[in-house]
Every structure is written in structure tokens, then in C-alpha cells.
Amino acid sequence: MILTRAYHYARYNRAFFDDRDAGESVVRDERLGWRAREYFHFRYLRRDERGKAYLASGSTGKWGFRASGDIHDTGRRYRILIVGDSFTHALEVGDKETYYAFLRKALPVEIFAYGAIGYGNLQEFMILDEFIDMIKPDLLLMQLCTNDFINNSYELESLSIINNQRMRRPYLNEKGELFYKTPGCVPSLRTWLVSHSRFFSFLFHRWDLALAQFEGCKSVEVEIQNSKGVHQKYEAAKVVTAKVFKKIKERSGKVPVFVFVADRLEPFYGDFRKISKDTGLVFLDGVAAAVWEAHGKGEAVFVQDEGHWSPRGHEVAGLALLTSLKDYLPSFSSQRADDVSHFKKAKRE
């Protein structure tokens, strides 16, 4: 236990006897597998890709939303619902530094943002299904990640070294039938140990990190990339992903659905673009490219894991989203007119 506390102190700047460890940002859920913990407060010492330290301090609100607008807004401002994974959960940055915080700052809108680490597209659909009638959004924005194809498939996630969450979650099969499983080796034993012991949770976490570092080159994602997507289980995952996207489209009704991908690994990125088009979702290009362009110019847009965005990365992503959405949003006249005067209602067919 002392070793575990020492690790959390060094990694997350946690007090030795703080009960809210980083892993407790989510809680187990029978229907979703897990969900973002509501009223979770975090204060982490982070480092960007250059090693510069910064303090990330933030929280979730009711139901686990990272950002929550006013549902009872009498003026009925334009509402945007954002659903995603760890990039939207955004535990690497403070509340005012998320990509959607920049959207809220630039636009006179109500932002509702929900993300949870490790989520696949089916879990994101289930969150949408749970809250869309209550929030009644005018626009739905889905944040995707190229590893979603892995997390959408029990077979691929079980084979993955670097994207296996090793927690019970819902899946669809190719027939569209729902089932629940825990991916990986001896999953039931591991799940029981992790849920009953922080010490085993710590040990498994360190083992996963070491395995990803030394064996990640052998993970199934690399096989898929090397084969340019010609992979039987990956083909099945694309079928399942398309079924989830159809569910999103049907459930959203007349609400326009936009999607963007937080990273740009192929063939996953291109397949997301194609599936989005085929299912009637609007694919927003350029967000990941903007972040990597800034990275190429020497900006510290990633945290030290070289994957998630730093505060600067979130800012770049938010500005890229504003540019991508400008032709789809209505013209706003408000106290923020100087920031959004170039936004016009001109929805592309």
C-alpha cells in the first residue's frame, strides 16, 4: 500500500492518504461497463512533451459531465452535446483548458460534454441515448479516436496489447446483437482482484505499461496498419462500427450529427471518414492534422505519453473545430459577436 501511495504521489501529485486515486475517475456500471464518476475533483501535476510541468485541476459535475450547460435556460440558447472518450474526459487539463471550453468561450452556446477513459463507440451511443431527450441538443458532436475500432470489437480488444481496457464492457456482434464480456487473459480473475485490491490494481497497471512499452510493436493494431486494413477481424469491426453509427443517426433524429477523430492513424482514420459518410454523419476533417502541424512546428501539444493533448493541444483542437463548424452553425448576435461574426448558417448538403 505504501508503494502504491508513493507511486500516486510521484505520478499524480496526490497526498498519501487521498482516497480519490486516478483510477477512480470512473465507476463500474452494469449497463455501460463503466462511466465517468460524478462530482469527481482532480488536481494532478502533469508534464507536457517537452517536460514542462503544469497543474491540471478540474472536476466533473452531475452524471459525470465534464462540462454542463444550463438545461433550464429560459433564453434557450443553442445547445451542443459532445460525447467522446479520454480526449473528452480530458484529465490532462483543467476545466478552462479543454477543447470544448474554447468552443464555449467563442460561441454564445450551452456546451454539454461527456467523456470517459477507454470508451468505445457503443458506450458513447449509450450515453447519447441516455441524455439526448433531457438535453435536447441542437447539434451533436461525437469525438472519435482511431483505437475505437479495437474497443468496438471483443476479438480485437482481446488481442490488443496497447488498447485493451481489460474491463467488462458492452459489444455488438455483426448481427447487431448486444453482449457483454471482459477482454483479455483470465479476465474474471483480474477483474475480481482489481475491484478488491488497490495493490493489485497498481501491479496490473504497471504490468500493462511495461507490456505496452516492450511488446506494443507486436499488437494487433500494427498488424492492421501493416496490412493496410486487410485483416479479417478488422473487417468485422468495421461492420460493427457502421451499425453503431446507424444507431447514432437514428437516435439523433433531426439533430445534425458531426464527428471528428482526435488522432490520424491509418487505415482507421480513412475508414471512419467512409463509414461516417455512408451512415449520414458529417465528418469534420482537420482537427488531428492541426494538432500534428503545431507539433511539427515545435509546440508542446501533447502530454508526456505522446498521445493525449496538453493545454496547448486542446486549444489547437478547439480552434480547428471552430473553423470546421463555421459553415454549419447559425449566425449568432450576442455579447460575443466579435468572436463569432464569421459564423454563418450555410449547411452543406
# chains A, B, ... in the order shown; residues from 1 in each chain; ligands from 1
>>> residues_around(residues="range 281-294 of chain A", least_positions_apart="3", cutoff="6 Å", atoms="only C-alpha atoms", output="list in words")
Val257, Phe258, Val259, Phe260, Ala262, Asp263, Arg264, Ser276, Lys277, Lys297, Glu299, Val316, Ala317 and Ala320 of chain A
>>> residues_around(residues="Ala242 in chain A", least_positions_apart="5", cutoff="12 Å", atoms="only C-alpha atoms", output="JSON, numbers by chain")
{"A": [121, 122, 148, 149, 152, 172, 173, 174, 175, 176, 235, 236, 237, 247, 248, 249, 271, 272, 273, 274, 275, 276, 277, 278, 279, 280, 281]}
>>> write_last_selection(atoms="N, CA and C atoms", output="CSV table (one decimal), in the first residue's frame")
chain,number,residue,atom,x,y,z
A,121,ASN,N,-17.3,3.2,-29.3
A,121,ASN,CA,-18.4,3.9,-29.9
A,121,ASN,C,-19.8,3.5,-29.4
A,122,LEU,N,-19.9,2.2,-29.0
A,122,LEU,CA,-21.2,1.7,-28.5
A,122,LEU,C,-21.5,2.4,-27.1
A,148,ASP,N,-10.9,3.3,-31.5
A,148,ASP,CA,-12.3,2.9,-31.2
A,148,ASP,C,-12.6,1.6,-32.0
A,149,PHE,N,-12.0,1.4,-33.1
A,149,PHE,CA,-12.3,0.1,-33.9
A,149,PHE,C,-11.8,-1.1,-33.0
A,152,ASN,N,-14.4,-1.5,-30.2
A,152,ASN,CA,-15.7,-1.9,-30.7
A,152,ASN,C,-15.8,-3.4,-30.9
A,172,LEU,N,-21.4,-5.1,-29.7
A,172,LEU,CA,-22.3,-5.6,-30.7
A,172,LEU,C,-21.6,-6.7,-31.5
A,173,ASN,N,-22.3,-7.7,-31.9
A,173,ASN,CA,-21.8,-8.6,-32.9
A,173,ASN,C,-22.2,-8.2,-34.3
A,174,GLU,N,-21.8,-8.9,-35.3
A,174,GLU,CA,-22.0,-8.5,-36.7
A,174,GLU,C,-23.5,-8.5,-37.0
A,175,LYS,N,-24.3,-9.2,-36.2
A,175,LYS,CA,-25.8,-9.2,-36.4
A,175,LYS,C,-26.5,-8.1,-35.7
A,176,GLY,N,-25.7,-7.3,-34.9
A,176,GLY,CA,-26.2,-6.2,-34.2
A,176,GLY,C,-26.8,-6.5,-32.8
A,235,GLU,N,-12.1,-6.2,-40.5
A,235,GLU,CA,-13.3,-6.0,-41.4
A,235,GLU,C,-14.6,-6.2,-40.6
A,236,ALA,N,-14.6,-7.2,-39.7
A,236,ALA,CA,-15.8,-7.4,-38.8
A,236,ALA,C,-16.0,-6.2,-37.9
A,237,ALA,N,-14.9,-5.6,-37.4
A,237,ALA,CA,-15.0,-4.4,-36.5
A,237,ALA,C,-15.6,-3.2,-37.3
A,247,LYS,N,-27.1,3.5,-35.4
A,247,LYS,CA,-27.9,3.7,-34.2
A,247,LYS,C,-27.8,5.2,-33.8
A,248,ILE,N,-26.6,5.8,-33.9
A,248,ILE,CA,-26.5,7.2,-33.5
A,248,ILE,C,-27.3,8.1,-34.4
A,249,LYS,N,-27.3,7.8,-35.7
A,249,LYS,CA,-28.0,8.6,-36.7
A,249,LYS,C,-29.5,8.5,-36.4
A,271,ASP,N,-11.1,5.0,-42.7
A,271,ASP,CA,-12.3,4.2,-42.6
A,271,ASP,C,-13.4,4.9,-41.8
A,272,PHE,N,-13.0,5.7,-40.8
A,272,PHE,CA,-14.0,6.5,-40.1
A,272,PHE,C,-14.7,7.5,-41.0
A,273,ARG,N,-13.9,8.1,-41.9
A,273,ARG,CA,-14.5,9.1,-42.8
A,273,ARG,C,-15.5,8.4,-43.7
A,274,LYS,N,-15.2,7.2,-44.2
A,274,LYS,CA,-16.1,6.5,-45.2
A,274,LYS,C,-17.3,6.0,-44.4
A,275,ILE,N,-17.2,5.4,-43.3
A,275,ILE,CA,-18.4,5.0,-42.5
A,275,ILE,C,-19.3,6.1,-42.1
A,276,SER,N,-18.7,7.3,-41.8
A,276,SER,CA,-19.5,8.4,-41.4
A,276,SER,C,-20.3,8.9,-42.6
A,277,LYS,N,-19.7,9.0,-43.8
A,277,LYS,CA,-20.4,9.4,-45.0
A,277,LYS,C,-21.5,8.4,-45.3
A,278,ASP,N,-21.2,7.1,-45.2
A,278,ASP,CA,-22.2,6.0,-45.6
A,278,ASP,C,-23.4,6.0,-44.7
A,279,THR,N,-23.2,6.5,-43.4
A,279,THR,CA,-24.3,6.4,-42.5
A,279,THR,C,-25.0,7.8,-42.2
A,280,GLY,N,-24.5,8.8,-43.0
A,280,GLY,CA,-25.2,10.1,-42.9
A,280,GLY,C,-24.7,11.0,-41.8
A,281,LEU,N,-23.5,10.7,-41.3
A,281,LEU,CA,-22.9,11.6,-40.3
A,281,LEU,C,-22.0,12.6,-41.0
>>> select_by_dssp(residues="range 63-183 of chain A", states="strand (DSSP E or B)", output="NGL selection string")
:A and (67 or 78-84 or 109-115 or 139-144 or 169-172 or 178-181)
>>> residues_around(residues="range 91-103 of chain A", least_positions_apart="3", cutoff="8 Å", atoms="only C-alpha atoms", output="mmCIF file with N, CA and C atoms, in the first residue's frame")
data_model
loop_
_atom_site.group_PDB
_atom_site.id
_atom_site.type_symbol
_atom_site.label_atom_id
_atom_site.label_comp_id
_atom_site.auth_asym_id
_atom_site.auth_seq_id
_atom_site.Cartn_x
_atom_site.Cartn_y
_atom_site.Cartn_z
ATOM 1 N N PHE A 42 -10.158 16.552 -9.412
ATOM 2 C CA PHE A 42 -8.774 16.097 -9.554
ATOM 3 C C PHE A 42 -7.827 17.289 -9.557
ATOM 4 N N TYR A 44 -3.794 17.281 -10.570
ATOM 5 C CA TYR A 44 -2.636 16.489 -10.963
ATOM 6 C C TYR A 44 -1.490 17.398 -11.400
ATOM 7 N N ARG A 46 1.107 17.548 -14.043
ATOM 8 C CA ARG A 46 1.358 16.941 -15.353
ATOM 9 C C ARG A 46 2.602 17.541 -15.984
ATOM 10 N N LEU A 55 -0.002 22.370 -13.665
ATOM 11 C CA LEU A 55 -1.028 21.832 -12.784
ATOM 12 C C LEU A 55 -2.344 21.701 -13.541
ATOM 13 N N ALA A 56 -2.892 20.502 -13.536
ATOM 14 C CA ALA A 56 -4.205 20.262 -14.142
ATOM 15 C C ALA A 56 -5.212 20.082 -13.008
ATOM 16 N N SER A 57 -6.140 20.998 -12.902
ATOM 17 C CA SER A 57 -7.120 20.961 -11.824
ATOM 18 C C SER A 57 -8.516 21.099 -12.425
ATOM 19 N N GLY A 58 -9.363 20.111 -12.173
ATOM 20 C CA GLY A 58 -10.690 20.164 -12.762
ATOM 21 C C GLY A 58 -11.672 19.264 -12.040
ATOM 22 N N SER A 59 -12.832 19.097 -12.642
ATOM 23 C CA SER A 59 -13.875 18.319 -11.984
ATOM 24 C C SER A 59 -14.925 17.881 -12.985
ATOM 25 N N ARG A 66 -18.251 16.519 -17.874
ATOM 26 C CA ARG A 66 -17.094 17.390 -17.661
ATOM 27 C C ARG A 66 -17.476 18.848 -17.877
ATOM 28 N N ALA A 67 -18.426 19.089 -18.749
ATOM 29 C CA ALA A 67 -18.982 20.431 -18.940
ATOM 30 C C ALA A 67 -20.489 20.288 -19.045
ATOM 31 N N SER A 86 -11.414 9.419 -23.730
ATOM 32 C CA SER A 86 -10.479 10.081 -22.818
ATOM 33 C C SER A 86 -10.087 11.475 -23.277
ATOM 34 N N THR A 88 -12.101 13.628 -24.406
ATOM 35 C CA THR A 88 -13.166 14.495 -23.906
ATOM 36 C C THR A 88 -13.253 14.445 -22.382
ATOM 37 N N ALA A 106 -15.850 31.003 -27.389
ATOM 38 C CA ALA A 106 -16.023 31.708 -28.658
ATOM 39 C C ALA A 106 -17.471 31.844 -29.093
ATOM 40 N N LEU A 107 -18.343 30.983 -28.573
ATOM 41 C CA LEU A 107 -19.719 30.949 -29.057
ATOM 42 C C LEU A 107 -20.718 31.157 -27.923
ATOM 43 N N ILE A 111 -22.784 24.274 -23.690
ATOM 44 C CA ILE A 111 -21.994 23.088 -24.017
ATOM 45 C C ILE A 111 -22.229 22.022 -22.959
ATOM 46 N N ALA A 113 -20.647 18.312 -22.255
ATOM 47 C CA ALA A 113 -19.576 17.423 -22.714
ATOM 48 C C ALA A 113 -19.412 16.252 -21.756
ATOM 49 N N VAL A 303 0.884 15.645 -23.966
ATOM 50 C CA VAL A 303 1.477 15.378 -22.663
ATOM 51 C C VAL A 303 2.568 14.329 -22.858
ATOM 52 N N HIS A 308 -2.247 11.964 -25.577
ATOM 53 C CA HIS A 308 -3.299 12.914 -25.226
ATOM 54 C C HIS A 308 -2.787 14.349 -25.323
ATOM 55 N N TRP A 309 -3.741 15.258 -25.429
ATOM 56 C CA TRP A 309 -3.387 16.649 -25.652
ATOM 57 C C TRP A 309 -3.040 17.376 -24.362
ATOM 58 N N SER A 310 -2.068 18.250 -24.465
ATOM 59 C CA SER A 310 -1.730 19.196 -23.403
ATOM 60 C C SER A 310 -2.705 20.372 -23.491
ATOM 61 N N PRO A 311 -2.604 21.347 -22.583
ATOM 62 C CA PRO A 311 -3.465 22.533 -22.720
ATOM 63 C C PRO A 311 -3.347 23.189 -24.093
ATOM 64 N N HIS A 314 -5.248 21.068 -26.683
ATOM 65 C CA HIS A 314 -6.689 21.290 -26.616
ATOM 66 C C HIS A 314 -7.065 22.619 -27.273
ATOM 67 N N GLU A 315 -6.237 23.625 -27.080
ATOM 68 C CA GLU A 315 -6.518 24.920 -27.698
ATOM 69 C C GLU A 315 -6.484 24.815 -29.217
ATOM 70 N N VAL A 316 -5.466 24.147 -29.746
ATOM 71 C CA VAL A 316 -5.352 23.976 -31.202
ATOM 72 C C VAL A 316 -6.545 23.191 -31.735
ATOM 73 N N ALA A 317 -6.922 22.124 -31.039
ATOM 74 C CA ALA A 317 -8.062 21.311 -31.467
ATOM 75 C C ALA A 317 -9.360 22.119 -31.434
ATOM 76 N N GLY A 318 -9.549 22.904 -30.379
ATOM 77 C CA GLY A 318 -10.749 23.720 -30.273
ATOM 78 C C GLY A 318 -10.861 24.735 -31.391
ATOM 79 N N LEU A 319 -9.751 25.387 -31.727
ATOM 80 C CA LEU A 319 -9.756 26.369 -32.809
ATOM 81 C C LEU A 319 -9.999 25.696 -34.147
ATOM 82 N N LEU A 321 -11.773 22.989 -34.593
ATOM 83 C CA LEU A 321 -13.198 22.653 -34.617
ATOM 84 C C LEU A 321 -14.050 23.871 -34.962
ATOM 85 N N LEU A 322 -13.689 25.022 -34.424
ATOM 86 C CA LEU A 322 -14.418 26.247 -34.753
ATOM 87 C C LEU A 322 -14.379 26.503 -36.252
#
>>> select_by_dssp(residues="range 227-324 of chain A", states="alpha helix (DSSP H)", output="MDAnalysis selection string")
chainID A and resid 232:252 268:279 287:296 311:324
>>> closest_residue(among="A:Gly69, A:Pro137, A:Gly307, A:Gly120", to="Gln165 in chain A", atoms="only C-alpha atoms")
A:Gly120
>>> atom_distance(atom1="CA of Arg76 in chain A", atom2="CA of Tyr328 in chain A")
18.8 Å
>>> closest_residue(among="A:Ser160, A:Leu329, A:Tyr114, A:Glu266", to="Ser227 in chain A", atoms="only C-alpha atoms")
A:Glu266
>>> atom_distance(atom1="CA of Asp73 in chain A", atom2="CA of Ala116 in chain A")
26.1 Å
>>> closest_residue(among="A:Glu49, A:Asp327, A:Asp29, A:Glu38", to="Lys62 in chain A", atoms="only C-alpha atoms")
A:Glu38
>>> atom_distance(atom1="CA of Pro170 in chain A", atom2="CA of Arg31 in chain A")
7.6 Å
